[in-house]
Amino acid sequence: MQEIRPYEKPTSLANSPADLLGVVSLRGVVVPIIDLRVRLRLAQANYDAQTVVIVVNVARRVVGLVVDGVSDVLTLQPHQMRPVPPLDSGFAPEHLLALGSIDERMLILLNIEKYLAMTPEASAGLPSA
């Protein structure tokens with residue numbers, strides 16, 4: 001993760017996949033903005049004051065991921081992570097990194113690089129290297 005920023009409406013791109021909201025300029029770098037709710041096929045969310053963009057480096061490219069909000073930024077130790085059991089969740093096993101646990105909380109750790117690269121449509125939103 002590079003940074004967490006407040007959501008700002010990106011500039012739309014014609015003929016882009018539904019999850020690619022558009023692009024923003026971040027310190028002179030054009031950054032594609034992907035809505036993870038759309039990508040994960042969840043109900044559409046209203047963008048509000050809690051909506052943020054998590055800026056990450058994926059395949060050596062900067063990408064912004066729109067999420068409902070961020071409550072914590074955590075570093076998990078190896079003993080806090082467990083292998084993902086076989087699930088009939090619609091997720092390919094390689095897209096789930098691990099299950100994390102902190103106190104009573106269970107966290108699903110997504111391998112964001114593999115998840116975003118899983119389809120040509122997802123890659124279309126990434127600027128070329």
# chains A, B, ... in the order shown; residues from 1 in each chain; ligands from 1
call {"tool": "select_by_dssp", "arguments": {"residues": "chain A", "states": "strand (DSSP E or B)", "output": "PyMOL selection string"}}
result
chain A and resi 3-6+11+20-26+29-35+52-58+61-67+81-82+96-102+105-110
call {"tool": "residues_around", "arguments": {"residues": "A:Val38", "least_positions_apart": "2", "cutoff": "12 Å", "atoms": "only C-alpha atoms", "output": "number ranges by chain"}}
result
A: 17-21, 33-36, 40-46, 65-68, 122
call {"tool": "write_last_selection", "arguments": {"atoms": "C-alpha atoms", "output": "CSV table (one decimal), in the first residue's frame"}}
result
chain,number,residue,atom,x,y,z
A,17,PRO,CA,-14.8,-1.8,-18.0
A,18,ALA,CA,-17.5,-1.1,-15.4
A,19,ASP,CA,-15.1,-1.4,-12.5
A,20,LEU,CA,-12.8,1.2,-14.0
A,21,LEU,CA,-14.2,4.5,-12.8
A,33,ILE,CA,-9.3,4.2,-10.2
A,34,ILE,CA,-11.0,0.8,-9.8
A,35,ASP,CA,-14.2,0.4,-7.7
A,36,LEU,CA,-13.7,-2.8,-5.7
A,40,LEU,CA,-16.4,-7.9,-6.4
A,41,ARG,CA,-20.0,-7.8,-7.7
A,42,LEU,CA,-21.3,-6.3,-4.5
A,43,ALA,CA,-24.3,-3.9,-4.3
A,44,GLN,CA,-23.5,-0.4,-5.5
A,45,ALA,CA,-22.4,2.0,-2.7
A,46,ASN,CA,-23.0,5.6,-2.4
A,65,LEU,CA,-8.9,1.1,-5.3
A,66,VAL,CA,-12.2,2.7,-4.1
A,67,VAL,CA,-13.4,1.1,-0.9
A,68,ASP,CA,-16.2,2.0,1.5
A,122,ALA,CA,-8.9,-5.7,-15.4
call {"tool": "closest_residue", "arguments": {"among": "A:His79, A:Arg5, A:His95, A:Lys114", "to": "A:Val55", "atoms": "only C-alpha atoms"}}
result
A:Arg5
call {"tool": "closest_residue", "arguments": {"among": "A:Asn111, A:Gln77, A:Arg105, A:Arg37", "to": "A:Ala92", "atoms": "only C-alpha atoms"}}
result
A:Asn111
call {"tool": "closest_residue", "arguments": {"among": "A:Tyr47, A:Ala117, A:Gln80, A:Val53", "to": "A:Glu104", "atoms": "only C-alpha atoms"}}
result
A:Gln80
call {"tool": "closest_residue", "arguments": {"among": "A:Thr51, A:Val31, A:Leu116, A:Lys9", "to": "A:Gly64", "atoms": "only C-alpha atoms"}}
result
A:Val31
call {"tool": "residues_around", "arguments": {"residues": "A:Pro10", "least_positions_apart": "4", "cutoff": "6 Å", "atoms": "only C-alpha atoms", "output": "VMD selection string"}}
result
chain A and resid 22 to 24
call {"tool": "residues_around", "arguments": {"residues": "A:Gly100", "least_positions_apart": "2", "cutoff": "8 Å", "atoms": "only C-alpha atoms", "output": "ChimeraX atom specification"}}
result
/A:76,80-82,98,102,106-109
call {"tool": "atom_distance", "arguments": {"atom1": "atom CA of A:Tyr7", "atom2": "atom CA of A:Arg60"}}
result
22.5 Å
call {"tool": "atom_distance", "arguments": {"atom1": "atom CA of A:Ile54", "atom2": "atom CA of A:Arg27"}}
result
15.2 Å
call {"tool": "atom_distance", "arguments": {"atom1": "atom CA of A:Arg39", "atom2": "atom CA of A:Pro78"}}
result
28.4 Å
call {"tool": "closest_residue", "arguments": {"among": "A:Val84, A:Leu99, A:Ile112, A:Val73", "to": "A:Val56", "atoms": "only C-alpha atoms"}}
result
A:Ile112
call {"tool": "decode", "arguments": {"residues": "stretch 61-86 of chain A", "atoms": "N, CA, C and O atoms", "output": "mmCIF file, in the first residue's frame"}}
result
data_model
loop_
_atom_site.group_PDB
_atom_site.id
_atom_site.type_symbol
_atom_site.label_atom_id
_atom_site.label_comp_id
_atom_site.auth_asym_id
_atom_site.auth_seq_id
_atom_site.Cartn_x
_atom_site.Cartn_y
_atom_site.Cartn_z
ATOM 1 N N ARG A 61 2.805 -0.894 -11.244
ATOM 2 C CA ARG A 61 1.979 0.214 -11.698
ATOM 3 C C ARG A 61 1.179 0.732 -10.508
ATOM 4 O O ARG A 61 0.802 -0.027 -9.624
ATOM 5 N N VAL A 62 0.904 2.024 -10.509
ATOM 6 C CA VAL A 62 0.130 2.630 -9.434
ATOM 7 C C VAL A 62 -1.347 2.554 -9.811
ATOM 8 O O VAL A 62 -1.734 2.935 -10.921
ATOM 9 N N VAL A 63 -2.164 2.042 -8.884
ATOM 10 C CA VAL A 63 -3.596 1.874 -9.099
ATOM 11 C C VAL A 63 -4.322 2.363 -7.846
ATOM 12 O O VAL A 63 -3.855 2.135 -6.724
ATOM 13 N N GLY A 64 -5.469 3.014 -8.019
ATOM 14 C CA GLY A 64 -6.303 3.421 -6.891
ATOM 15 C C GLY A 64 -7.496 2.491 -6.776
ATOM 16 O O GLY A 64 -8.150 2.178 -7.774
ATOM 17 N N LEU A 65 -7.775 2.018 -5.570
ATOM 18 C CA LEU A 65 -8.889 1.115 -5.307
ATOM 19 C C LEU A 65 -9.905 1.815 -4.416
ATOM 20 O O LEU A 65 -9.586 2.173 -3.281
ATOM 21 N N VAL A 66 -11.121 2.014 -4.924
ATOM 22 C CA VAL A 66 -12.168 2.662 -4.142
ATOM 23 C C VAL A 66 -12.762 1.637 -3.194
ATOM 24 O O VAL A 66 -13.166 0.545 -3.606
ATOM 25 N N VAL A 67 -12.791 1.991 -1.901
ATOM 26 C CA VAL A 67 -13.391 1.133 -0.878
ATOM 27 C C VAL A 67 -14.337 1.973 -0.022
ATOM 28 O O VAL A 67 -14.259 3.198 -0.020
ATOM 29 N N ASP A 68 -15.243 1.299 0.681
ATOM 30 C CA ASP A 68 -16.233 1.994 1.507
ATOM 31 C C ASP A 68 -15.592 2.820 2.602
ATOM 32 O O ASP A 68 -16.085 3.870 2.970
ATOM 33 N N GLY A 69 -14.494 2.343 3.144
ATOM 34 C CA GLY A 69 -13.814 3.044 4.226
ATOM 35 C C GLY A 69 -12.664 2.202 4.727
ATOM 36 O O GLY A 69 -12.534 1.034 4.384
ATOM 37 N N VAL A 70 -11.824 2.818 5.530
ATOM 38 C CA VAL A 70 -10.700 2.121 6.145
ATOM 39 C C VAL A 70 -10.788 2.368 7.641
ATOM 40 O O VAL A 70 -10.854 3.514 8.076
ATOM 41 N N SER A 71 -10.816 1.280 8.417
ATOM 42 C CA SER A 71 -10.894 1.446 9.865
ATOM 43 C C SER A 71 -9.532 1.261 10.519
ATOM 44 O O SER A 71 -9.251 1.863 11.540
ATOM 45 N N ASP A 72 -8.686 0.413 9.934
ATOM 46 C CA ASP A 72 -7.377 0.125 10.499
ATOM 47 C C ASP A 72 -6.399 -0.195 9.385
ATOM 48 O O ASP A 72 -6.786 -0.713 8.339
ATOM 49 N N VAL A 73 -5.153 0.080 9.643
ATOM 50 C CA VAL A 73 -4.063 -0.416 8.801
ATOM 51 C C VAL A 73 -3.242 -1.306 9.717
ATOM 52 O O VAL A 73 -2.734 -0.848 10.744
ATOM 53 N N LEU A 74 -3.148 -2.571 9.363
ATOM 54 C CA LEU A 74 -2.549 -3.559 10.251
ATOM 55 C C LEU A 74 -1.374 -4.261 9.608
ATOM 56 O O LEU A 74 -1.331 -4.422 8.386
ATOM 57 N N THR A 75 -0.472 -4.707 10.437
ATOM 58 C CA THR A 75 0.595 -5.598 10.015
ATOM 59 C C THR A 75 0.382 -6.904 10.768
ATOM 60 O O THR A 75 0.360 -6.911 11.998
ATOM 61 N N LEU A 76 0.185 -7.967 10.010
ATOM 62 C CA LEU A 76 -0.044 -9.265 10.639
ATOM 63 C C LEU A 76 1.264 -10.037 10.721
ATOM 64 O O LEU A 76 2.086 -9.997 9.797
ATOM 65 N N GLN A 77 1.445 -10.730 11.806
ATOM 66 C CA GLN A 77 2.586 -11.613 11.995
ATOM 67 C C GLN A 77 2.220 -12.989 11.423
ATOM 68 O O GLN A 77 1.042 -13.332 11.337
ATOM 69 N N PRO A 78 3.206 -13.775 11.036
ATOM 70 C CA PRO A 78 2.907 -15.096 10.453
ATOM 71 C C PRO A 78 1.983 -15.955 11.317
ATOM 72 O O PRO A 78 1.117 -16.656 10.782
ATOM 73 N N HIS A 79 2.113 -15.885 12.636
ATOM 74 C CA HIS A 79 1.266 -16.715 13.497
ATOM 75 C C HIS A 79 -0.203 -16.240 13.503
ATOM 76 O O HIS A 79 -1.077 -16.952 13.974
ATOM 77 N N GLN A 80 -0.475 -15.061 12.960
ATOM 78 C CA GLN A 80 -1.841 -14.554 12.887
ATOM 79 C C GLN A 80 -2.522 -14.895 11.560
ATOM 80 O O GLN A 80 -3.658 -14.524 11.349
ATOM 81 N N MET A 81 -1.821 -15.599 10.688
ATOM 82 C CA MET A 81 -2.375 -15.951 9.384
ATOM 83 C C MET A 81 -2.513 -17.462 9.255
ATOM 84 O O MET A 81 -1.653 -18.208 9.710
ATOM 85 N N ARG A 82 -3.620 -17.857 8.665
ATOM 86 C CA ARG A 82 -3.911 -19.271 8.452
ATOM 87 C C ARG A 82 -4.168 -19.505 6.966
ATOM 88 O O ARG A 82 -4.677 -18.625 6.281
ATOM 89 N N PRO A 83 -3.874 -20.708 6.489
ATOM 90 C CA PRO A 83 -4.194 -21.027 5.096
ATOM 91 C C PRO A 83 -5.708 -20.950 4.873
ATOM 92 O O PRO A 83 -6.502 -21.195 5.786
ATOM 93 N N VAL A 84 -6.082 -20.617 3.674
ATOM 94 C CA VAL A 84 -7.500 -20.546 3.327
ATOM 95 C C VAL A 84 -7.996 -21.965 3.100
ATOM 96 O O VAL A 84 -7.428 -22.694 2.278
ATOM 97 N N PRO A 85 -9.046 -22.381 3.815
ATOM 98 C CA PRO A 85 -9.586 -23.725 3.584
ATOM 99 C C PRO A 85 -10.303 -23.772 2.235
ATOM 100 O O PRO A 85 -10.663 -22.720 1.686
ATOM 101 N N PRO A 86 -10.509 -24.959 1.698
ATOM 102 C CA PRO A 86 -11.271 -25.048 0.447
ATOM 103 C C PRO A 86 -12.664 -24.425 0.645
ATOM 104 O O PRO A 86 -13.368 -24.747 1.598
#
